[in-house]
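S.K.: mmCIF, C-alpha atoms and all ligand atoms, saved as run-v1.cif, coming up:
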```cif
data_model
#
loop_
_atom_site.group_PDB
_atom_site.id
_atom_site.type_symbol
_atom_site.label_atom_id
_atom_site.label_comp_id
_atom_site.auth_asym_id
_atom_site.auth_seq_id
_atom_site.Cartn_x
_atom_site.Cartn_y
_atom_site.Cartn_z
ATOM 1 C CA MET E 485 55.061 -17.691 -6.708
ATOM 2 C CA GLY E 486 56.069 -14.044 -7.170
ATOM 3 C CA LEU E 487 57.936 -11.917 -4.666
ATOM 4 C CA PHE E 488 54.918 -9.831 -3.691
ATOM 5 C CA ASP E 489 52.248 -12.551 -3.818
ATOM 6 C CA GLY E 490 52.549 -13.245 -0.108
ATOM 7 C CA VAL E 491 52.156 -9.547 0.741
ATOM 8 C CA ALA E 492 49.221 -9.211 -1.665
ATOM 9 C CA GLY E 493 47.441 -11.852 0.351
ATOM 10 C CA PHE E 494 47.311 -9.386 3.224
ATOM 11 C CA GLY E 495 45.704 -6.688 1.059
ATOM 12 C CA VAL E 496 42.232 -7.224 2.414
ATOM 13 C CA THR E 497 43.556 -7.342 5.976
ATOM 14 C CA PHE E 498 45.406 -4.052 5.675
ATOM 15 C CA SER E 499 42.580 -2.240 3.871
ATOM 16 C CA THR E 500 40.110 -3.369 6.539
ATOM 17 C CA MET E 501 42.368 -2.189 9.374
ATOM 18 C CA PHE E 502 41.912 1.441 8.321
ATOM 19 C CA ARG E 503 38.169 1.369 7.794
ATOM 20 C CA LYS E 504 35.749 2.944 10.285
ATOM 21 C CA VAL E 505 34.849 0.420 12.978
ATOM 22 C CA VAL E 506 31.123 -0.415 13.150
ATOM 23 C CA THR E 507 30.077 -1.282 16.690
ATOM 24 C CA GLU E 508 26.419 -2.054 17.462
ATOM 25 C CA ASP E 509 25.512 -1.104 21.024
ATOM 26 C CA TYR E 510 22.690 -3.652 21.127
ATOM 27 C CA PRO E 511 20.620 -4.245 23.260
ATOM 28 C CA ARG E 512 21.082 -0.788 24.788
ATOM 29 C CA VAL E 513 20.564 0.859 21.407
ATOM 30 C CA LYS E 514 18.077 -1.020 19.261
ATOM 31 C CA LYS E 515 18.461 -0.922 15.522
ATOM 32 C CA VAL E 516 15.641 0.764 13.619
ATOM 33 C CA THR E 517 14.452 -1.597 10.910
ATOM 34 C CA ALA E 518 13.214 -0.780 7.436
ATOM 35 C CA PRO E 519 9.491 0.128 7.582
ATOM 36 C CA ARG E 520 8.463 -3.099 5.837
ATOM 37 C CA TYR E 521 10.785 -5.385 7.800
ATOM 38 C CA HIS E 522 9.180 -8.793 8.428
ATOM 39 C CA GLY E 523 9.145 -9.152 12.197
ATOM 40 C CA ARG E 524 6.761 -10.732 14.674
ATOM 41 C CA HIS E 525 3.221 -11.285 13.393
ATOM 42 C CA GLN E 526 0.118 -9.544 14.662
ATOM 43 C CA LEU E 527 -3.546 -10.549 14.531
ATOM 44 C CA ASN E 528 -5.480 -7.344 13.941
ATOM 45 C CA ARG E 529 -8.864 -6.188 15.183
ATOM 46 C CA HIS E 530 -11.819 -4.289 13.770
ATOM 47 C CA PRO E 531 -12.425 -0.800 15.195
ATOM 48 C CA ASP E 532 -14.903 -2.158 17.779
ATOM 49 C CA GLY E 533 -12.406 -4.767 19.056
ATOM 50 C CA LEU E 534 -13.729 -7.853 17.235
ATOM 51 C CA GLU E 535 -11.026 -10.035 15.670
ATOM 52 C CA LYS E 536 -10.388 -9.862 11.929
ATOM 53 C CA CYS E 537 -9.316 -13.523 11.785
ATOM 54 C CA VAL E 538 -12.074 -15.793 10.479
ATOM 55 C CA GLY E 539 -10.193 -19.037 11.065
ATOM 56 C CA CYS E 540 -9.969 -19.911 7.356
ATOM 57 C CA GLU E 541 -6.473 -21.492 7.677
ATOM 58 C CA LEU E 542 -5.255 -19.962 4.395
ATOM 59 C CA CYS E 543 -2.197 -18.596 6.192
ATOM 60 C CA ALA E 544 -1.348 -22.067 7.478
ATOM 61 C CA TRP E 545 -1.696 -23.584 3.998
ATOM 62 C CA ALA E 546 0.495 -20.864 2.484
ATOM 63 C CA CYS E 547 3.305 -21.307 5.003
ATOM 64 C CA PRO E 548 6.235 -23.209 3.467
ATOM 65 C CA ALA E 549 7.689 -23.953 6.909
ATOM 66 C CA ASP E 550 4.519 -25.401 8.431
ATOM 67 C CA ALA E 551 4.848 -22.857 11.218
ATOM 68 C CA ILE E 552 1.186 -21.902 11.639
ATOM 69 C CA TYR E 553 -1.548 -23.915 13.309
ATOM 70 C CA VAL E 554 -5.169 -22.716 13.160
ATOM 71 C CA GLU E 555 -8.414 -24.205 14.366
ATOM 72 C CA GLY E 556 -11.583 -22.333 13.477
ATOM 73 C CA GLY E 557 -14.616 -22.048 15.740
ATOM 74 C CA ASP E 558 -18.240 -20.998 15.157
ATOM 75 C CA ASN E 559 -19.455 -17.600 16.314
ATOM 76 C CA THR E 560 -22.894 -17.446 17.866
ATOM 77 C CA ASP E 561 -25.100 -14.438 18.607
ATOM 78 C CA GLU E 562 -24.368 -14.977 22.290
ATOM 79 C CA GLU E 563 -20.612 -15.420 21.848
ATOM 80 C CA ARG E 564 -19.103 -13.513 18.934
ATOM 81 C CA TYR E 565 -15.347 -13.024 18.442
ATOM 82 C CA SER E 566 -15.321 -11.905 14.787
ATOM 83 C CA PRO E 567 -17.946 -10.413 12.453
ATOM 84 C CA GLY E 568 -18.228 -13.516 10.241
ATOM 85 C CA GLU E 569 -19.547 -17.008 10.852
ATOM 86 C CA ARG E 570 -16.185 -18.311 12.069
ATOM 87 C CA TYR E 571 -13.271 -17.091 14.121
ATOM 88 C CA GLY E 572 -9.798 -18.351 14.930
ATOM 89 C CA ALA E 573 -10.417 -20.388 18.074
ATOM 90 C CA ILE E 574 -6.830 -21.657 18.271
ATOM 91 C CA TYR E 575 -4.034 -19.782 16.550
ATOM 92 C CA GLN E 576 -0.332 -20.515 16.959
ATOM 93 C CA ILE E 577 2.850 -19.473 15.175
ATOM 94 C CA ASN E 578 5.986 -21.487 15.835
ATOM 95 C CA TYR E 579 8.962 -19.118 15.649
ATOM 96 C CA LEU E 580 11.364 -22.046 15.745
ATOM 97 C CA ARG E 581 10.159 -22.754 12.206
ATOM 98 C CA CYS E 582 9.186 -19.348 10.805
ATOM 99 C CA ILE E 583 11.599 -17.956 8.212
ATOM 100 C CA GLY E 584 9.921 -14.556 7.961
ATOM 101 C CA CYS E 585 9.001 -14.974 4.291
ATOM 102 C CA GLY E 586 5.631 -13.211 4.616
ATOM 103 C CA LEU E 587 3.666 -15.629 2.425
ATOM 104 C CA CYS E 588 1.128 -16.049 5.214
ATOM 105 C CA ILE E 589 0.248 -12.359 5.330
ATOM 106 C CA GLU E 590 -0.132 -12.308 1.553
ATOM 107 C CA ALA E 591 -2.583 -15.210 1.790
ATOM 108 C CA CYS E 592 -4.778 -13.697 4.512
ATOM 109 C CA PRO E 593 -8.069 -12.535 2.929
ATOM 110 C CA THR E 594 -9.110 -10.230 5.782
ATOM 111 C CA ARG E 595 -5.795 -8.466 6.487
ATOM 112 C CA SER E 596 -6.056 -10.003 9.917
ATOM 113 C CA LEU E 597 -2.480 -11.216 9.807
ATOM 114 C CA THR E 598 0.284 -8.658 9.339
ATOM 115 C CA MET E 599 3.891 -8.452 10.449
ATOM 116 C CA THR E 600 5.370 -5.902 12.843
ATOM 117 C CA ASN E 601 8.951 -4.604 12.956
ATOM 118 C CA GLU E 602 9.655 -6.439 16.215
ATOM 119 C CA TYR E 603 12.692 -8.657 15.713
ATOM 120 C CA GLU E 604 13.555 -9.802 19.250
ATOM 121 C CA LEU E 605 12.355 -13.378 18.875
ATOM 122 C CA ALA E 606 15.084 -15.267 20.718
ATOM 123 C CA ASP E 607 14.487 -17.335 23.821
ATOM 124 C CA ASP E 608 16.129 -20.117 25.792
ATOM 125 C CA ASP E 609 12.886 -22.090 26.038
ATOM 126 C CA ARG E 610 11.581 -23.741 22.865
ATOM 127 C CA GLN E 611 8.005 -23.801 24.167
ATOM 128 C CA ASP E 612 8.010 -20.013 24.643
ATOM 129 C CA LEU E 613 8.739 -19.553 20.944
ATOM 130 C CA ILE E 614 5.362 -21.013 20.023
ATOM 131 C CA TYR E 615 3.234 -17.867 20.180
ATOM 132 C CA ASP E 616 -0.449 -18.410 20.884
ATOM 133 C CA LYS E 617 -3.376 -16.205 19.920
ATOM 134 C CA GLU E 618 -3.237 -14.136 23.100
ATOM 135 C CA ARG E 619 0.367 -13.128 22.383
ATOM 136 C CA LEU E 620 -0.324 -12.406 18.720
ATOM 137 C CA LEU E 621 -3.528 -10.375 19.056
ATOM 138 C CA ALA E 622 -3.226 -6.611 18.651
ATOM 139 C CA PRO E 623 -3.818 -4.705 21.903
ATOM 140 C CA LEU E 624 -7.209 -3.146 22.535
ATOM 141 C CA LEU E 625 -7.117 0.531 21.589
ATOM 142 C CA PRO E 626 -9.323 3.186 23.235
ATOM 143 C CA GLY E 627 -12.961 2.571 22.231
ATOM 144 C CA MET E 628 -12.382 -1.142 21.553
ATOM 145 C CA GLU E 629 -14.092 -3.787 23.630
ATOM 146 C CA GLN E 630 -12.736 -7.208 24.562
ATOM 147 C CA PRO E 631 -14.615 -9.933 22.591
ATOM 148 C CA PRO E 632 -16.941 -11.749 22.789
ATOM 149 C CA HIS E 633 -19.511 -9.070 21.997
ATOM 150 C CA PRO E 634 -21.949 -8.194 19.164
ATOM 151 C CA MET E 635 -20.902 -6.230 16.084
ATOM 152 C CA ARG E 636 -21.001 -2.616 17.179
ATOM 153 C CA LEU E 637 -20.341 -0.615 14.019
ATOM 154 C CA GLY E 638 -23.519 0.322 12.173
ATOM 155 C CA GLU E 639 -26.910 -1.328 11.804
ATOM 156 C CA ASP E 640 -26.022 -4.227 9.489
ATOM 157 C CA GLU E 641 -23.064 -5.997 7.836
ATOM 158 C CA GLN E 642 -22.896 -3.398 5.057
ATOM 159 C CA ASP E 643 -22.470 -0.693 7.675
ATOM 160 C CA TYR E 644 -19.929 -2.734 9.556
ATOM 161 C CA TYR E 645 -17.538 -3.253 6.676
ATOM 162 C CA VAL E 646 -18.137 -0.070 4.672
ATOM 163 C CA GLN E 647 -19.049 2.558 7.221
ATOM 164 C CA GLY E 648 -17.397 1.018 10.271
ATOM 165 C CA PRO E 649 -13.832 2.103 9.472
ATOM 166 C CA GLU E 650 -15.096 5.604 8.613
ATOM 167 C CA MET E 651 -17.054 5.766 11.899
ATOM 168 C CA ALA E 652 -13.965 4.650 13.766
ATOM 169 C CA ARG E 653 -11.886 7.276 11.982
ATOM 170 C CA ARG E 654 -14.376 9.991 12.931
ATOM 171 C CA ARG E 655 -14.333 8.676 16.485
ATOM 172 C CA ASP E 656 -10.534 8.917 16.579
ATOM 173 C CA VAL E 657 -10.671 12.500 15.316
ATOM 174 C CA HIS E 658 -13.350 13.288 17.895
ATOM 175 C CA ASP E 659 -11.311 11.589 20.641
ATOM 176 C CA SER E 660 -8.326 13.732 19.834
ATOM 177 C CA THR E 661 -10.402 16.922 20.114
ATOM 178 C CA SER E 662 -12.650 16.043 23.075
ATOM 179 C CA ASP E 663 -12.508 13.881 26.146
ATOM 180 C CA GLU E 664 -14.566 10.826 25.282
ATOM 181 C CA ILE E 665 -17.245 9.436 22.953
ATOM 182 C CA ASP E 666 -19.146 6.191 23.430
ATOM 183 C CA ILE E 667 -19.373 4.198 20.177
ATOM 184 C CA SER E 668 -21.264 1.286 21.667
ATOM 185 C CA GLY E 669 -24.698 2.954 21.577
ATOM 186 C CA ALA E 670 -24.359 4.597 18.157
ATOM 187 C CA ALA E 671 -22.939 1.507 16.590
ATOM 188 C CA ARG E 672 -25.332 -1.226 17.492
HETATM 189 S S1 LIG E 701 6.448 -15.630 7.548
HETATM 190 FE FE1 LIG E 701 6.647 -17.419 6.143
HETATM 191 S S2 LIG E 701 7.526 -19.025 7.430
HETATM 192 FE FE2 LIG E 701 6.774 -17.455 8.834
HETATM 193 S S3 LIG E 701 4.704 -18.134 9.379
HETATM 194 FE FE3 LIG E 701 4.498 -16.745 7.609
HETATM 195 S S4 LIG E 701 4.534 -18.101 5.791
HETATM 196 FE FE4 LIG E 701 5.311 -19.289 7.537
HETATM 197 S S1 LIG E 702 -5.020 -15.023 9.908
HETATM 198 FE FE1 LIG E 702 -6.085 -14.648 7.963
HETATM 199 S S2 LIG E 702 -5.563 -16.401 6.645
HETATM 200 FE FE2 LIG E 702 -5.052 -16.981 8.755
HETATM 201 S S3 LIG E 702 -6.859 -18.070 9.515
HETATM 202 FE FE3 LIG E 702 -7.077 -15.906 10.115
HETATM 203 S S4 LIG E 702 -8.270 -14.956 8.440
HETATM 204 FE FE4 LIG E 702 -7.487 -16.924 7.668
#
```
Kindly present the structure from the file in structure tokens form.
Ligand code: SF4
Ligand code: SF4

M.R.:
Amino acid sequence: MGLFDGVAGFGVTFSTMFRKVVTEDYPRVKKVTAPRYHGRHQLNRHPDGLEKCVGCELCAWACPADAIYVEGGDNTDEERYSPGERYGAIYQINYLRCIGCGLCIEACPTRSLTMTNEYELADDDRQDLIYDKERLLAPLLPGMEQPPHPMRLGEDEQDYYVQGPEMARRRDVHDSTSDEIDISGAAR
């Protein structure tokens, strides 16, 4: 062992002592994530408020951690939650299992399931970390209506999927330039 080997061992220690100290002031100052950070999931809605989830379970099959549980239900004309035949009657994500890989959102055929930048997913109760559909659903925006209700964008399915988003966009532009517009009549 050389004369300076013992001192060399402290090289990292000494070089670190003179570096700028990084102190996170969390939770008072929350860190801004990268735009595509994989945080808490969200179940999205169509512009009239109906749910995009069709209960197909593809997200659950894609999940390597077995963190998603879905049970589909049948829509009826009297009780419609999504534009298709089926909707997600029960939807749960277990954040004790989720590893944030994003495979579920890649598998979703309707872009119902996406991930937000919200990263505060800690809790002292295991049960509270199983998020149900009500906690995962996107909030109702102005002009949206709480399901169940009929499809309200256009005259038929073609209108709903092709023209619906454009109608909603025009509505948003109109909303920002005037007080209010009622989409329910025009959209039926
Ligand atoms: S992000 Fe990955 S681990 Fe989490 S629910 Fe989706 S597929 Fe499963
Ligand atoms: S979130 Fe997407 S993939 Fe999962 S059940 Fe609903 S429609 Fe299917």

S.K.: On this structure, the PyMOL selection byres (((chain E and resi 531) around 7) and not hetatm) would catch which residues? List them as JSON, numbers by chain, sorted by chain and number.

M.R.: {"E": [529, 530, 532, 533, 628, 649, 652]}

S.K.: Could you give me, as a VMD selection string, every polymer residue with an atom at most 12 Å away from an atom of ligand LIG 702 (chain E), counting all atoms listed in the file?

M.R.: chain E and resid 525 to 529 535 to 547 551 to 557 566 to 577 586 to 599 617 620 to 621

S.K.: I need the residue nearest ligand LIG 701 (chain E) from this list: E:Ala606, E:Leu613, E:Cys582, E:Val506. Use only C-alpha atoms and all ligand atoms for the distance.

M.R.: E:Cys582

S.K.: Report the distance between CA of Glu508 in chain E and atom FE4 of ligand LIG 701 (chain E) in Å, rounded to one decimal place.

M.R.: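 Atom-to-atom, CA of Glu508 in chain E to atom FE4 of ligand LIG 701 (chain E), that is 29.0 Å.
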
S.K.: Please, what distance in Å, to one decimal, runs between CA of Glu641 in chain E and CA of Asp561 in chain E?

M.R.: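 Spanning CA of Glu641 in chain E to CA of Asp561 in chain E is a straight-line distance of 13.8 Å.
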
S.K.: Considering all atoms listed in the file, give me a table of residues in range 600-640 of chain E that are at most 10 Å from range 519-523 of chain E, with the closest atom pair and distance in Å for each, as a tab-separated table.

M.R.:
```
residue	atom	partner	partner_atom	distance
E:Thr600	CA	E:Gly523	CA	5.0
E:Asn601	CA	E:Gly523	CA	4.6
E:Glu602	CA	E:Gly523	CA	4.9
E:Tyr603	CA	E:Gly523	CA	5.0
E:Glu604	CA	E:Gly523	CA	8.3
E:Leu605	CA	E:Gly523	CA	8.5
```

S.K.: If you keep N, CA and C atoms, can you output range 486-497 of chain E as a PDB file, in the first residue's frame?

M.R.:
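Below you can see part27.pdb, which holds the result:
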```pdb
ATOM      1  N   GLY E 486       0.656   2.143  -0.976  1.00  0.00           N
ATOM      2  CA  GLY E 486       1.476   3.335  -1.110  1.00  0.00           C
ATOM      3  C   GLY E 486       1.157   4.366  -0.029  1.00  0.00           C
ATOM      4  N   LEU E 487       2.047   5.371   0.022  1.00  0.00           N
ATOM      5  CA  LEU E 487       1.912   6.404   1.051  1.00  0.00           C
ATOM      6  C   LEU E 487       0.629   7.210   0.915  1.00  0.00           C
ATOM      7  N   PHE E 488       0.245   7.476  -0.359  1.00  0.00           N
ATOM      8  CA  PHE E 488      -0.916   8.351  -0.568  1.00  0.00           C
ATOM      9  C   PHE E 488      -2.213   7.598  -0.833  1.00  0.00           C
ATOM     10  N   ASP E 489      -2.149   6.242  -0.813  1.00  0.00           N
ATOM     11  CA  ASP E 489      -3.367   5.484  -1.131  1.00  0.00           C
ATOM     12  C   ASP E 489      -4.500   5.762  -0.145  1.00  0.00           C
ATOM     13  N   GLY E 490      -4.159   5.902   1.114  1.00  0.00           N
ATOM     14  CA  GLY E 490      -5.185   6.187   2.114  1.00  0.00           C
ATOM     15  C   GLY E 490      -5.837   7.532   1.886  1.00  0.00           C
ATOM     16  N   VAL E 491      -5.047   8.539   1.506  1.00  0.00           N
ATOM     17  CA  VAL E 491      -5.582   9.877   1.236  1.00  0.00           C
ATOM     18  C   VAL E 491      -6.432   9.852  -0.032  1.00  0.00           C
ATOM     19  N   ALA E 492      -5.966   9.087  -1.041  1.00  0.00           N
ATOM     20  CA  ALA E 492      -6.704   9.012  -2.300  1.00  0.00           C
ATOM     21  C   ALA E 492      -8.104   8.480  -2.077  1.00  0.00           C
ATOM     22  N   GLY E 493      -8.246   7.627  -1.089  1.00  0.00           N
ATOM     23  CA  GLY E 493      -9.556   7.075  -0.775  1.00  0.00           C
ATOM     24  C   GLY E 493     -10.553   8.143  -0.389  1.00  0.00           C
ATOM     25  N   PHE E 494     -10.050   9.274   0.093  1.00  0.00           N
ATOM     26  CA  PHE E 494     -10.953  10.368   0.474  1.00  0.00           C
ATOM     27  C   PHE E 494     -11.202  11.340  -0.681  1.00  0.00           C
ATOM     28  N   GLY E 495     -10.713  11.023  -1.863  1.00  0.00           N
ATOM     29  CA  GLY E 495     -10.846  11.928  -3.005  1.00  0.00           C
ATOM     30  C   GLY E 495     -12.296  12.277  -3.307  1.00  0.00           C
ATOM     31  N   VAL E 496     -13.116  11.281  -3.345  1.00  0.00           N
ATOM     32  CA  VAL E 496     -14.535  11.524  -3.644  1.00  0.00           C
ATOM     33  C   VAL E 496     -15.158  12.373  -2.543  1.00  0.00           C
ATOM     34  N   THR E 497     -14.799  12.064  -1.297  1.00  0.00           N
ATOM     35  CA  THR E 497     -15.359  12.823  -0.166  1.00  0.00           C
ATOM     36  C   THR E 497     -15.008  14.293  -0.288  1.00  0.00           C
TER      37      THR E 497
END
```
